[in-house]
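Working notes for the structure below.
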Amino acid sequence: MAGSEGFEPESDRVTRQLRDDILDGVRRPGSRLVERELAAELGVSRLPVRDALKALVGEGLVTPRPRTWAVVREFSDTDVSDLDEVRSALETLTFRLAAQRRTRAGLERLRADVDAELRAARSGDAVRARRAAADFHETVTSLAANELLSELERTLRSRMRWLLGQHDDLPAVAEEHEDLYDAIAARDVPRVEHLVAEHLETGRSAAAAHRRHSSRN
């Protein structure tokens with residue numbers, strides 16, 4: 001239909017805005033999300049806000065409360081441990097398949113993700129660096145060329161993006177991603193598996209340090 005290109009339903013736009021606010025740290029864990037207040041803030045009716053909150057509950061980023069409000073989810077240590085276990089299993093498989101099945105076009109997308117992350121990390125732009133880091137992981141999933149794996153990634157995407165954002169050493173993470181890119185490009189499966197194991201351990205340590213720092217502030 002003419003004029004429909006680029007159209008985004010209001011509920012989708014509100015969902016995207018609130019999701020980004022949560023993942024970027026604008027709306028902190030435990031923050032109240034009240035339909036009436038959000039509608040006024042975002043300049044929309046309460047219906048798209050209500051739909052957005054339902055969607056974000058389904059994504060695991062929001063905890064519902066009675067009636068017309070919710071809170072930004074506060075991930076417990078158990079939640080983080082559970083996410084890390086699932087991430088470890090999925091990423092070990094995903095990166096191995098990506099190294100075996102990567103295409104030239106896929107590598108170009110992955111290189112663009114790494115370059116964007118490196119630029120943002122070196123300039124100290126934490127939001128852009130973390131978004132690019134999450135994009136890198138999603139592109140690796142697409143290179144794995146396994147539809148069921150992609151389906152699982154989409155289901156867990158928001159929670160995994162949250163987990164991947166629990167680090168503060170932006171240049172170090174970007175450099176690990178560059179090493180992984182090089183190994184995938186070379187189809188060096190043993191090196192990919194070694195680097196993934198190191199990357200996962202770095203992520204655990206960084207997340208623990210990030211949570212300790214956040215709890216003191």
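Labels used: A, B, ... for chains in the order of the structure tokens, numbers from 1 for residues in each chain, and numbers from 1 for ligands as shown.
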Spatial neighbours of segment 147-153 of chain A, max dist 9 Å, only C-alpha atoms, sep filter under 3 positions, as number ranges by chain: A: 90, 94, 138, 141-142, 144, 156-157, 160
Pull the closest atom pair for each residue of segment 129-203 of chain A that gets at most 12 Å from segment 83-87 of chain A, along with the distance in Å to one decimal, counting only C-alpha atoms, ordering rows by chain and then ascending residue number, as a tab-separated table.
```
residue	atom	partner	partner_atom	distance
A:His137	CA	A:Arg87	CA	10.8
A:Leu149	CA	A:Arg87	CA	11.9
A:Leu152	CA	A:Val86	CA	10.5
A:Glu153	CA	A:Arg87	CA	9.7
A:Leu156	CA	A:Leu83	CA	9.2
A:Arg157	CA	A:Arg87	CA	10.7
A:Ser158	CA	A:Leu83	CA	11.4
A:Arg159	CA	A:Leu83	CA	7.8
A:Met160	CA	A:Leu83	CA	7.4
A:Arg161	CA	A:Leu83	CA	10.8
A:Trp162	CA	A:Leu83	CA	10.0
A:Leu163	CA	A:Leu83	CA	7.5
A:Leu164	CA	A:Arg87	CA	9.8
A:Gln166	CA	A:Asp84	CA	11.5
A:Val196	CA	A:Arg87	CA	10.9
A:Ala197	CA	A:Arg87	CA	11.3
A:His199	CA	A:Arg87	CA	11.3
A:Leu200	CA	A:Asp84	CA	8.4
A:Glu201	CA	A:Asp84	CA	9.9
A:Thr202	CA	A:Asp84	CA	11.7
A:Gly203	CA	A:Asp84	CA	8.9
```
May I have the selected residues written with C-alpha atoms, as a short mmCIF file (atom, residue, chain, number, x, y, z; two decimals), in the first residue's frame?
```cif
data_model
loop_
_atom_site.label_atom_id
_atom_site.label_comp_id
_atom_site.auth_asym_id
_atom_site.auth_seq_id
_atom_site.Cartn_x
_atom_site.Cartn_y
_atom_site.Cartn_z
CA HIS A 137 26.37 -12.16 18.75
CA LEU A 149 18.96 -22.07 16.95
CA LEU A 152 15.80 -19.94 20.39
CA GLU A 153 17.94 -16.81 20.03
CA LEU A 156 15.94 -15.20 24.55
CA ARG A 157 17.22 -12.10 22.74
CA SER A 158 16.22 -9.41 25.23
CA ARG A 159 17.49 -11.30 28.27
CA MET A 160 20.74 -12.18 26.50
CA ARG A 161 21.20 -8.56 25.46
CA TRP A 162 20.76 -7.60 29.10
CA LEU A 163 23.33 -10.20 30.17
CA LEU A 164 25.81 -9.09 27.49
CA GLN A 166 26.77 -6.48 32.25
CA VAL A 196 34.55 -18.84 23.08
CA ALA A 197 35.49 -20.58 26.34
CA HIS A 199 35.06 -15.14 26.20
CA LEU A 200 32.45 -16.82 28.37
CA GLU A 201 34.75 -16.79 31.39
CA THR A 202 35.58 -13.13 30.82
CA GLY A 203 31.85 -12.42 30.65
#
```
Pull the closest atom pair for each residue of segment 8-65 of chain A that gets at most 9 Å from segment 125-133 of chain A, along with the distance in Å to one decimal, counting only C-alpha atoms, ordering rows by chain and then ascending residue number, as JSON lines.
```
{"residue": "A:Leu23", "atom": "CA", "partner": "A:Val127", "partner_atom": "CA", "distance": 8.9}
{"residue": "A:Asp24", "atom": "CA", "partner": "A:Val127", "partner_atom": "CA", "distance": 6.0}
{"residue": "A:Gly25", "atom": "CA", "partner": "A:Val127", "partner_atom": "CA", "distance": 8.7}
```
Only all heavy atoms, please: the residues just picked out, written as a PDB file, in the first residue's frame.
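result-v3.pdb written:
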```
ATOM      1  N   LEU A  23      17.451  -1.793  28.504  1.00  0.00           N
ATOM      2  CA  LEU A  23      18.736  -2.406  28.172  1.00  0.00           C
ATOM      3  C   LEU A  23      19.877  -1.407  28.213  1.00  0.00           C
ATOM      4  O   LEU A  23      21.019  -1.769  28.508  1.00  0.00           O
ATOM      5  CB  LEU A  23      18.654  -3.067  26.794  1.00  0.00           C
ATOM      6  CG  LEU A  23      17.698  -4.253  26.696  1.00  0.00           C
ATOM      7  CD1 LEU A  23      17.632  -4.765  25.267  1.00  0.00           C
ATOM      8  CD2 LEU A  23      18.119  -5.379  27.641  1.00  0.00           C
ATOM      9  N   ASP A  24      19.588  -0.124  27.950  1.00  0.00           N
ATOM     10  CA  ASP A  24      20.624   0.907  27.977  1.00  0.00           C
ATOM     11  C   ASP A  24      20.831   1.486  29.376  1.00  0.00           C
ATOM     12  O   ASP A  24      21.699   2.337  29.572  1.00  0.00           O
ATOM     13  CB  ASP A  24      20.273   2.050  27.021  1.00  0.00           C
ATOM     14  CG  ASP A  24      20.298   1.606  25.554  1.00  0.00           C
ATOM     15  OD1 ASP A  24      20.908   0.565  25.262  1.00  0.00           O
ATOM     16  OD2 ASP A  24      19.714   2.313  24.716  1.00  0.00           O
ATOM     17  N   GLY A  25      20.024   1.030  30.336  1.00  0.00           N
ATOM     18  CA  GLY A  25      20.185   1.493  31.705  1.00  0.00           C
ATOM     19  C   GLY A  25      19.491   2.797  32.036  1.00  0.00           C
ATOM     20  O   GLY A  25      19.683   3.349  33.122  1.00  0.00           O
TER      21      GLY A  25
END
```
Nearest residue to Asp51 of chain A from the set A:Val26, A:Leu18, A:Ile184, A:Ala145 (distances using only C-alpha atoms):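 Smallest separation from Asp51 of chain A among the options: A:Leu18.
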Selected residue of minimal separation from Ser45 of chain A among A:Asp77, A:Val14, A:His177, A:Asp20, counting only C-alpha atoms: A:Val14
Segment 3-139 of chain A: residues DSSP assigns to helix (DSSP H, G or I), reported as a ChimeraX atom specification: /A:10-23,35-42,46-59,77-101,104-123,126-139
Residue contacts of Val189 of chain A (7 Å, only C-alpha atoms) excluding same-chain residues fewer than 2 positions away, as a list of chain:residue names: A:Arg96, A:Ala99, A:Arg187, A:Arg191, A:Val192, A:Glu193
Nearest to Glu176 of chain A, chosen from A:Val114, A:Leu38, A:Val80, A:Ala206, with only C-alpha atoms counted in the distances: A:Val114
